[in-house]
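**Q** Here you go, this is model-v4.csv (CSV, C-alpha atoms).
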```csv
chain,number,residue,atom,x,y,z
A,1,MET,CA,13.5,14.0,-11.0
A,2,PRO,CA,10.3,12.2,-9.9
A,3,LEU,CA,6.9,13.9,-10.5
A,4,LEU,CA,6.0,13.6,-6.8
A,5,SER,CA,8.5,13.2,-3.9
A,6,VAL,CA,7.3,12.8,-0.3
A,7,ARG,CA,9.8,12.9,2.5
A,8,HIS,CA,9.3,12.1,6.2
A,9,LEU,CA,5.6,13.1,6.1
A,10,SER,CA,3.9,12.9,9.5
A,11,THR,CA,0.3,13.9,10.1
A,12,GLY,CA,-1.4,13.7,13.5
A,13,PHE,CA,-4.3,14.7,15.8
A,14,PRO,CA,-4.4,16.2,19.2
A,15,ILE,CA,-5.2,13.6,21.9
A,16,GLY,CA,-5.1,14.9,25.4
A,17,ASN,CA,-2.2,17.3,25.7
A,18,ARG,CA,-0.1,16.0,22.9
A,19,TRP,CA,0.0,15.5,19.1
A,20,VAL,CA,-0.3,11.8,18.1
A,21,PRO,CA,0.8,10.9,14.6
A,22,ALA,CA,-1.6,8.8,12.6
A,23,VAL,CA,0.8,8.9,9.6
A,24,GLN,CA,4.4,8.8,10.6
A,25,ASP,CA,7.7,9.2,8.7
A,26,VAL,CA,6.2,8.4,5.2
A,27,SER,CA,8.5,8.7,2.2
A,28,PHE,CA,7.9,7.7,-1.4
A,29,ASP,CA,8.4,8.8,-5.0
A,30,ILE,CA,6.1,8.6,-8.0
A,31,ALA,CA,7.7,8.9,-11.5
A,32,ARG,CA,5.9,10.4,-14.5
A,33,GLY,CA,3.5,7.9,-16.0
A,34,GLU,CA,3.8,5.5,-13.0
A,35,THR,CA,1.1,3.9,-10.8
A,36,LEU,CA,2.0,3.5,-7.2
A,37,ALA,CA,-0.5,1.5,-5.1
A,38,LEU,CA,-0.7,2.3,-1.4
A,39,VAL,CA,-2.2,-0.7,0.4
A,40,GLY,CA,-3.0,-1.8,3.9
A,41,GLU,CA,-6.0,-2.7,6.1
A,42,SER,CA,-8.6,-0.1,7.1
A,43,GLY,CA,-7.1,2.5,9.5
A,44,SER,CA,-3.5,2.1,8.3
A,45,GLY,CA,-3.3,5.7,7.2
A,46,LYS,CA,-3.7,5.4,3.5
A,47,SER,CA,-6.5,8.0,3.0
A,48,LEU,CA,-4.9,10.4,5.5
A,49,THR,CA,-1.7,10.2,3.5
A,50,ALA,CA,-3.7,11.2,0.4
A,51,TYR,CA,-5.4,14.1,2.0
A,52,SER,CA,-2.0,15.2,3.4
A,53,LEU,CA,-0.7,15.5,-0.1
A,54,LEU,CA,-3.3,18.1,-1.0
A,55,ARG,CA,-3.1,19.7,2.5
A,56,LEU,CA,-6.7,18.8,3.1
A,57,VAL,CA,-6.3,17.1,6.5
A,58,PRO,CA,-9.6,17.3,8.3
A,59,PRO,CA,-9.4,19.5,11.5
A,60,PRO,CA,-8.3,19.3,14.2
A,61,GLY,CA,-5.6,17.2,12.5
A,62,ARG,CA,-2.6,18.8,10.8
A,63,ILE,CA,0.7,17.9,9.1
A,64,LEU,CA,3.3,17.8,11.8
A,65,GLU,CA,6.4,17.7,9.6
A,66,GLY,CA,7.7,16.6,6.2
A,67,GLU,CA,8.1,17.7,2.6
A,68,ILE,CA,5.8,17.2,-0.4
A,69,HIS,CA,7.4,18.1,-3.7
A,70,ILE,CA,5.4,18.2,-7.0
A,71,GLU,CA,7.5,18.9,-10.0
A,72,GLY,CA,10.2,20.3,-7.7
A,73,ARG,CA,8.0,22.6,-5.7
A,74,ASN,CA,7.5,22.0,-2.0
A,75,LEU,CA,3.8,22.3,-1.3
A,76,MET,CA,4.4,22.8,2.4
A,77,ASP,CA,6.0,26.2,1.5
A,78,LEU,CA,3.0,27.5,-0.5
A,79,PRO,CA,0.4,29.9,0.9
A,80,GLU,CA,-3.2,28.6,0.9
A,81,ALA,CA,-4.2,30.8,-2.1
A,82,GLU,CA,-1.4,29.2,-4.2
A,83,MET,CA,-2.3,25.7,-2.9
A,84,GLU,CA,-5.8,26.2,-4.2
A,85,ARG,CA,-4.4,26.5,-7.7
A,86,VAL,CA,-2.3,23.4,-7.2
A,87,ARG,CA,-5.4,21.3,-6.3
A,88,GLY,CA,-7.0,20.1,-9.5
A,89,ALA,CA,-4.4,21.6,-11.8
A,90,LYS,CA,-1.4,19.6,-10.5
A,91,ILE,CA,-2.9,17.0,-8.2
A,92,SER,CA,-6.5,15.8,-8.3
A,93,LEU,CA,-8.3,13.5,-5.9
A,94,ILE,CA,-11.0,10.9,-6.8
A,95,PHE,CA,-12.9,10.7,-3.5
A,96,GLN,CA,-13.7,7.4,-1.9
A,97,GLU,CA,-17.5,7.3,-1.9
A,98,PRO,CA,-19.1,7.9,-5.3
A,99,MET,CA,-22.5,7.9,-3.7
A,100,SER,CA,-21.8,10.9,-1.5
A,101,ALA,CA,-18.8,12.7,-3.0
A,102,LEU,CA,-20.8,14.7,-5.6
A,103,ASN,CA,-23.0,17.7,-4.6
A,104,PRO,CA,-26.6,16.4,-4.6
A,105,VAL,CA,-28.2,19.7,-5.4
A,106,LEU,CA,-26.1,20.5,-8.5
A,107,THR,CA,-26.2,18.8,-11.9
A,108,ILE,CA,-23.2,16.9,-13.0
A,109,GLY,CA,-22.5,19.4,-15.8
A,110,SER,CA,-22.7,22.4,-13.5
A,111,GLN,CA,-20.1,20.8,-11.2
A,112,LEU,CA,-17.7,20.2,-14.1
A,113,VAL,CA,-18.2,23.7,-15.5
A,114,GLU,CA,-17.6,25.3,-12.0
A,115,ALA,CA,-14.3,23.3,-11.6
A,116,MET,CA,-13.1,24.3,-15.0
A,117,THR,CA,-14.1,28.0,-14.6
A,118,VAL,CA,-12.3,28.3,-11.3
A,119,HIS,CA,-9.1,27.2,-13.0
A,120,GLY,CA,-9.6,29.4,-16.1
A,121,LEU,CA,-10.3,26.4,-18.4
A,122,GLY,CA,-13.1,25.3,-20.7
A,123,GLY,CA,-12.6,28.0,-23.3
A,124,ALA,CA,-15.5,29.9,-24.9
A,125,ASP,CA,-17.9,27.0,-24.5
A,126,PRO,CA,-17.3,25.2,-21.1
A,127,LYS,CA,-20.5,23.2,-21.6
A,128,ALA,CA,-19.2,21.6,-24.7
A,129,ALA,CA,-15.9,21.0,-23.0
A,130,ALA,CA,-17.7,19.3,-20.1
A,131,ILE,CA,-19.8,17.1,-22.4
A,132,ASP,CA,-16.6,16.1,-24.3
A,133,LEU,CA,-15.1,15.2,-20.9
A,134,LEU,CA,-18.1,13.0,-20.0
A,135,ALA,CA,-17.6,11.3,-23.3
A,136,THR,CA,-13.9,10.8,-22.6
A,137,VAL,CA,-14.8,8.8,-19.4
A,138,ARG,CA,-17.1,6.7,-21.5
A,139,MET,CA,-20.4,7.9,-20.0
A,140,ASP,CA,-23.4,7.0,-22.2
A,141,ASP,CA,-25.3,9.9,-23.8
A,142,PRO,CA,-23.0,12.5,-22.2
A,143,ALA,CA,-25.2,15.5,-23.4
A,144,ARG,CA,-28.1,14.1,-21.3
A,145,ARG,CA,-25.9,13.2,-18.3
A,146,PHE,CA,-24.6,16.8,-18.3
A,147,GLY,CA,-28.1,18.0,-17.1
A,148,GLU,CA,-28.7,15.2,-14.6
A,149,TYR,CA,-28.3,15.2,-10.8
A,150,PRO,CA,-26.2,12.6,-8.9
A,151,HIS,CA,-29.2,10.7,-7.6
A,152,GLN,CA,-30.2,10.0,-11.2
A,153,LEU,CA,-27.0,8.1,-11.9
A,154,SER,CA,-25.9,4.6,-10.9
A,155,GLY,CA,-22.9,4.1,-8.7
A,156,GLY,CA,-20.7,3.3,-11.8
A,157,LEU,CA,-21.8,6.5,-13.6
A,158,ARG,CA,-21.2,8.6,-10.5
A,159,GLN,CA,-17.7,7.2,-10.3
A,160,ARG,CA,-17.2,8.2,-13.9
A,161,ALA,CA,-18.4,11.7,-13.1
A,162,LEU,CA,-15.8,11.9,-10.3
A,163,ILE,CA,-13.1,10.8,-12.6
A,164,ALA,CA,-14.2,13.5,-15.1
A,165,LEU,CA,-14.0,16.1,-12.3
A,166,ALA,CA,-10.5,14.8,-11.5
A,167,LEU,CA,-9.5,15.1,-15.1
A,168,CYS,CA,-11.1,18.5,-16.0
A,169,CYS,CA,-8.0,20.6,-15.1
A,170,ARG,CA,-5.5,18.2,-16.8
A,171,PRO,CA,-3.5,17.3,-13.7
A,172,SER,CA,-0.1,15.6,-13.7
A,173,LEU,CA,-1.1,13.3,-10.8
A,174,ILE,CA,-4.4,11.7,-9.8
A,175,VAL,CA,-4.9,10.3,-6.3
A,176,ALA,CA,-7.6,7.6,-6.5
A,177,ASP,CA,-8.9,6.8,-3.0
A,178,GLU,CA,-10.5,3.4,-3.1
A,179,PRO,CA,-12.0,4.1,-6.6
A,180,THR,CA,-13.9,0.7,-6.7
A,181,THR,CA,-15.5,0.9,-3.3
A,182,ALA,CA,-19.2,-0.1,-3.2
A,183,LEU,CA,-19.2,-1.1,-6.9
A,184,ASP,CA,-20.0,-4.6,-8.2
A,185,VAL,CA,-17.2,-6.7,-9.7
A,186,THR,CA,-18.1,-6.0,-13.3
A,187,ILE,CA,-18.2,-2.2,-12.8
A,188,GLN,CA,-15.0,-2.4,-10.8
A,189,ALA,CA,-13.3,-3.9,-13.8
A,190,GLU,CA,-14.7,-1.2,-16.1
A,191,ILE,CA,-13.5,1.6,-13.8
A,192,LEU,CA,-10.0,0.1,-13.5
A,193,ASN,CA,-9.7,-0.4,-17.3
A,194,LEU,CA,-10.9,3.2,-17.7
A,195,LEU,CA,-8.2,4.5,-15.3
A,196,ARG,CA,-5.5,2.6,-17.1
A,197,GLN,CA,-6.6,4.0,-20.5
A,198,LEU,CA,-6.9,7.6,-19.3
A,199,LYS,CA,-3.4,7.3,-17.6
A,200,HIS,CA,-2.0,6.3,-21.0
A,201,ASP,CA,-4.0,8.9,-23.1
A,202,PHE,CA,-3.3,11.8,-20.8
A,203,GLY,CA,0.2,10.9,-19.6
A,204,LEU,CA,-0.9,10.7,-16.0
A,205,SER,CA,0.7,9.4,-12.9
A,206,LEU,CA,-1.6,7.6,-10.4
A,207,LEU,CA,-1.5,7.0,-6.7
A,208,LEU,CA,-4.0,4.2,-6.2
A,209,ILE,CA,-5.2,3.7,-2.6
A,210,THR,CA,-6.8,0.3,-1.9
A,211,HIS,CA,-7.0,-2.7,0.3
A,212,ASP,CA,-7.7,-5.0,-2.6
A,213,LEU,CA,-4.5,-6.8,-3.6
A,214,GLY,CA,-6.2,-8.2,-6.7
A,215,VAL,CA,-6.6,-4.6,-7.9
A,216,VAL,CA,-3.0,-4.0,-7.1
A,217,ALA,CA,-1.8,-7.0,-9.1
A,218,HIS,CA,-3.5,-5.9,-12.3
A,219,THR,CA,-3.1,-2.1,-12.0
A,220,ALA,CA,0.1,-1.0,-10.2
A,221,ASP,CA,3.7,-0.7,-11.2
A,222,ARG,CA,5.0,-0.4,-7.6
A,223,VAL,CA,3.4,-1.1,-4.2
A,224,ALA,CA,3.9,0.6,-0.8
A,225,VAL,CA,2.4,-1.4,2.1
A,226,MET,CA,1.2,0.6,5.1
A,227,TYR,CA,0.7,-0.6,8.6
A,228,ALA,CA,-0.2,1.6,11.6
A,229,GLY,CA,0.7,4.8,9.8
A,230,ARG,CA,4.1,3.7,8.4
A,231,ILE,CA,5.2,2.2,5.1
A,232,VAL,CA,6.7,-1.1,6.0
A,233,GLU,CA,7.5,-2.4,2.6
A,234,GLU,CA,7.9,-1.0,-0.9
A,235,ALA,CA,8.7,-2.9,-4.1
A,236,PRO,CA,7.8,-3.4,-7.8
A,237,VAL,CA,4.5,-5.2,-7.9
A,238,ARG,CA,5.8,-8.5,-9.3
A,239,ALA,CA,8.7,-8.6,-6.7
A,240,LEU,CA,6.2,-7.9,-3.9
A,241,PHE,CA,3.9,-10.8,-4.9
A,242,LYS,CA,6.8,-13.2,-5.7
A,243,MET,CA,9.0,-12.4,-2.6
A,244,PRO,CA,7.3,-10.4,0.1
A,245,ALA,CA,9.8,-9.5,2.7
A,246,HIS,CA,7.8,-8.1,5.6
A,247,PRO,CA,5.7,-10.5,7.8
A,248,TYR,CA,2.7,-8.1,7.5
A,249,THR,CA,2.9,-8.2,3.7
A,250,GLN,CA,3.2,-12.0,3.8
A,251,ALA,CA,0.1,-12.2,6.1
A,252,LEU,CA,-1.9,-10.0,3.8
A,253,LEU,CA,-1.1,-12.3,0.8
A,254,ARG,CA,-2.0,-15.4,2.8
A,255,ALA,CA,-5.4,-13.7,3.6
A,256,MET,CA,-6.1,-13.0,-0.1
A,257,PRO,CA,-8.5,-15.3,-1.9
A,258,GLY,CA,-6.9,-17.0,-4.9
A,259,SER,CA,-8.1,-16.6,-8.5
A,260,THR,CA,-9.1,-20.2,-8.7
A,261,HIS,CA,-11.1,-22.5,-6.5
A,262,SER,CA,-8.9,-24.0,-3.8
A,263,ALA,CA,-9.2,-26.0,-0.7
A,264,ARG,CA,-6.7,-23.8,1.1
A,265,ARG,CA,-8.2,-21.9,4.0
A,266,LEU,CA,-7.7,-18.2,4.2
A,267,GLU,CA,-5.4,-17.3,7.1
A,268,PRO,CA,-6.6,-14.4,9.2
A,269,ILE,CA,-4.1,-12.0,10.8
A,270,GLU,CA,-4.4,-12.7,14.5
A,271,GLY,CA,-4.6,-9.7,16.9
A,272,GLN,CA,-5.4,-6.1,16.3
A,273,VAL,CA,-3.7,-2.9,15.1
A,274,PRO,CA,-2.2,-1.1,18.1
A,275,SER,CA,-3.8,2.1,19.4
A,276,LEU,CA,-2.1,5.3,18.3
A,277,GLN,CA,-1.8,6.2,21.9
A,278,ARG,CA,0.0,3.0,22.8
A,279,MET,CA,2.2,2.3,19.8
A,280,PRO,CA,5.0,-0.2,20.5
A,281,PRO,CA,8.5,1.5,20.6
A,282,GLY,CA,9.8,-0.7,17.7
A,283,CYS,CA,7.9,-2.5,15.0
A,284,ALA,CA,4.2,-1.8,15.3
A,285,PHE,CA,3.4,-5.3,13.8
A,286,GLY,CA,5.6,-7.0,16.4
A,287,PRO,CA,2.8,-8.1,18.8
A,288,ARG,CA,1.0,-9.9,15.9
A,289,CYS,CA,4.1,-11.3,14.2
A,290,ALA,CA,5.0,-15.0,14.2
A,291,TRP,CA,8.7,-14.0,13.8
A,292,HIS,CA,8.7,-11.6,16.7
A,293,HIS,CA,12.1,-11.1,18.5
A,294,ASP,CA,13.3,-8.8,21.3
A,295,ALA,CA,15.2,-6.9,18.6
A,296,CYS,CA,11.9,-5.8,17.1
A,297,ASP,CA,11.0,-3.8,20.2
A,298,VAL,CA,14.0,-1.5,20.5
A,299,GLU,CA,13.1,1.3,18.1
A,300,PRO,CA,11.4,1.9,14.7
A,301,LEU,CA,13.4,0.4,12.0
A,302,PRO,CA,14.6,2.1,8.8
A,303,MET,CA,13.8,0.7,5.4
A,304,TYR,CA,16.4,-2.0,4.7
A,305,PRO,CA,17.2,-3.0,1.1
A,306,VAL,CA,16.0,-6.3,-0.2
A,307,SER,CA,17.3,-5.3,-3.6
A,308,ASP,CA,17.9,-2.0,-5.4
A,309,THR,CA,14.2,-1.5,-5.9
A,310,HIS,CA,12.8,-3.4,-2.9
A,311,GLY,CA,12.9,-2.3,0.8
A,312,SER,CA,11.3,-3.6,4.1
A,313,ARG,CA,11.2,-2.4,7.7
A,314,CYS,CA,11.9,-5.7,9.3
A,315,VAL,CA,14.6,-7.1,11.6
A,316,LEU,CA,14.8,-10.2,9.5
A,317,VAL,CA,15.7,-8.2,6.4
A,318,LYS,CA,18.2,-6.3,8.6
A,319,GLU,CA,19.8,-9.6,9.6
A,320,ALA,CA,19.9,-10.8,6.0
A,321,HIS,CA,21.5,-7.4,5.0
A,322,ARG,CA,24.2,-8.0,7.7
A,323,LEU,CA,24.8,-11.5,6.5
A,324,ALA,CA,25.3,-10.3,2.9
A,325,SER,CA,27.8,-7.7,4.1
A,326,GLY,CA,29.7,-10.2,6.2
A,327,SER,CA,29.1,-8.5,9.5
A,328,ALA,CA,26.1,-10.5,10.9
A,329,ALA,CA,25.1,-10.6,14.5
A,330,LYS,CA,22.8,-13.4,15.7
A,331,LEU,CA,19.2,-12.5,16.6
A,332,PRO,CA,18.2,-13.1,20.2
A,333,ALA,CA,16.2,-16.3,20.8
A,334,GLU,CA,12.5,-16.0,20.7
```
In structure tokens, write the structure found in this file.

**A**
Amino acid sequence: MPLLSVRHLSTGFPIGNRWVPAVQDVSFDIARGETLALVGESGSGKSLTAYSLLRLVPPPGRILEGEIHIEGRNLMDLPEAEMERVRGAKISLIFQEPMSALNPVLTIGSQLVEAMTVHGLGGADPKAAAIDLLATVRMDDPARRFGEYPHQLSGGLRQRALIALALCCRPSLIVADEPTTALDVTIQAEILNLLRQLKHDFGLSLLLITHDLGVVAHTADRVAVMYAGRIVEEAPVRALFKMPAHPYTQALLRAMPGSTHSARRLEPIEGQVPSLQRMPPGCAFGPRCAWHHDACDVEPLPMYPVSDTHGSRCVLVKEAHRLASGSAAKLPAE
């Protein structure tokens, strides 16, 4: 049984007289000890998926349908009081902005102690437990940092404080929403190395939300690529980089700077993400896709298998699947 299992999750907002999904029919699993990266450009629905997992969708949005199972329990069936005990204890969230996610009028230590006290943790000396936790996230002089306010810390130290908050209740799964945003390259590497070490030390699973494919390549075990609210491809990280099957994934990789100096020009993805109110009836990436066919516009495609561990929502993969099964039908001409 996977630690986390999400099935057919849709989350939307009221626009006019109807509910419009911003996350649509999202399904994925995360095994114990695994890192799944959820990637895509801004506005693709990554962060909204994360907030949906904890039932923290900002109003007036709401989860329209779907199931979210953690250790076999469907979180959609829990009353809010029970859900409050799940947050932090089972699933923790590292918020996106380290500069604004901490309470500016409370010290770092008081925020840690409050979180532990709410969940009945920290023992007889929660202050000592909080200082130990700050040391665990490799914060220099943790006893002094315990009494400091967020504005007294650098961006990297604030991010470590957020990681400490996420860890304080010993969750099974941490959702890291763009954990390296607004940090310089050196600090980014330190934070990613810290997350990898903590994952190993605490036996954590990690959902890493990012638009940085370089971070994905060095951190994740598997990758789910989102576009316009849907997961369009999912694969082990090496398979995705070696053989991307969806045209959107291929375009993302072509737009990624290489690790060495090269004369190759980066290739931008032409066009724009469609409006939620005017989503194409079939593949949402179709209007921007160089391989676009009439068959792409009929209806949303299911996830077709590229291999046992690799799937893609693409009519080209569908055709390859038919060829492999010996029942191919030709695609219409462009």

**Q** Of the residues A:Ile63, A:Ala135, A:Leu253, A:Val223, which is the one nearest to A:Ile30, using all atoms listed in the file?

**A** A:Val223

**Q** Around (-8.2, 18.5, 0.4) in the file's own coordinates, what residues are found within 10 Å if you use only C-alpha atoms, given back as a VMD selection string?

**A** chain A and resid 50 to 58 83 to 84 87 92 to 93 95

**Q** What would the list of residues within 9 Å of (1.1, 14.0, 14.5) (file frame) look like as a list in words, if only C-alpha atoms are what count?

**A**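 All residues meeting the 9 Å criterion around (1.1, 14.0, 14.5) are Ser10, Thr11, Gly12, Phe13, Pro14, Arg18, Trp19, Val20, Pro21, Ala22, Val23, Gln24, Gly61, Arg62, Ile63, Leu64 and Glu65 of chain A.
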
**Q** Calculate how many Å separate atom CA of A:Leu198 from atom CA of A:Gln152, rounding to one decimal.

**A**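 So the answer is 24.8 Å.
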
**Q** One number please: atom CA of A:Gly155 to atom CA of A:Ile108, in Å, one decimal.

**A**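 So the answer is 13.5 Å.
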
**Q** I'd like to know which of A:Gln272, A:Thr107, A:Thr186, A:Ser5 is closest to A:Arg145, using all atoms listed in the file.

**A** A:Thr107

**Q** What is the atom CA of A:Tyr227 to atom CA of A:Leu276 distance in Å?

**A**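 According to the coordinates, atom CA of A:Tyr227 and atom CA of A:Leu276 are separated by 11.7 Å.
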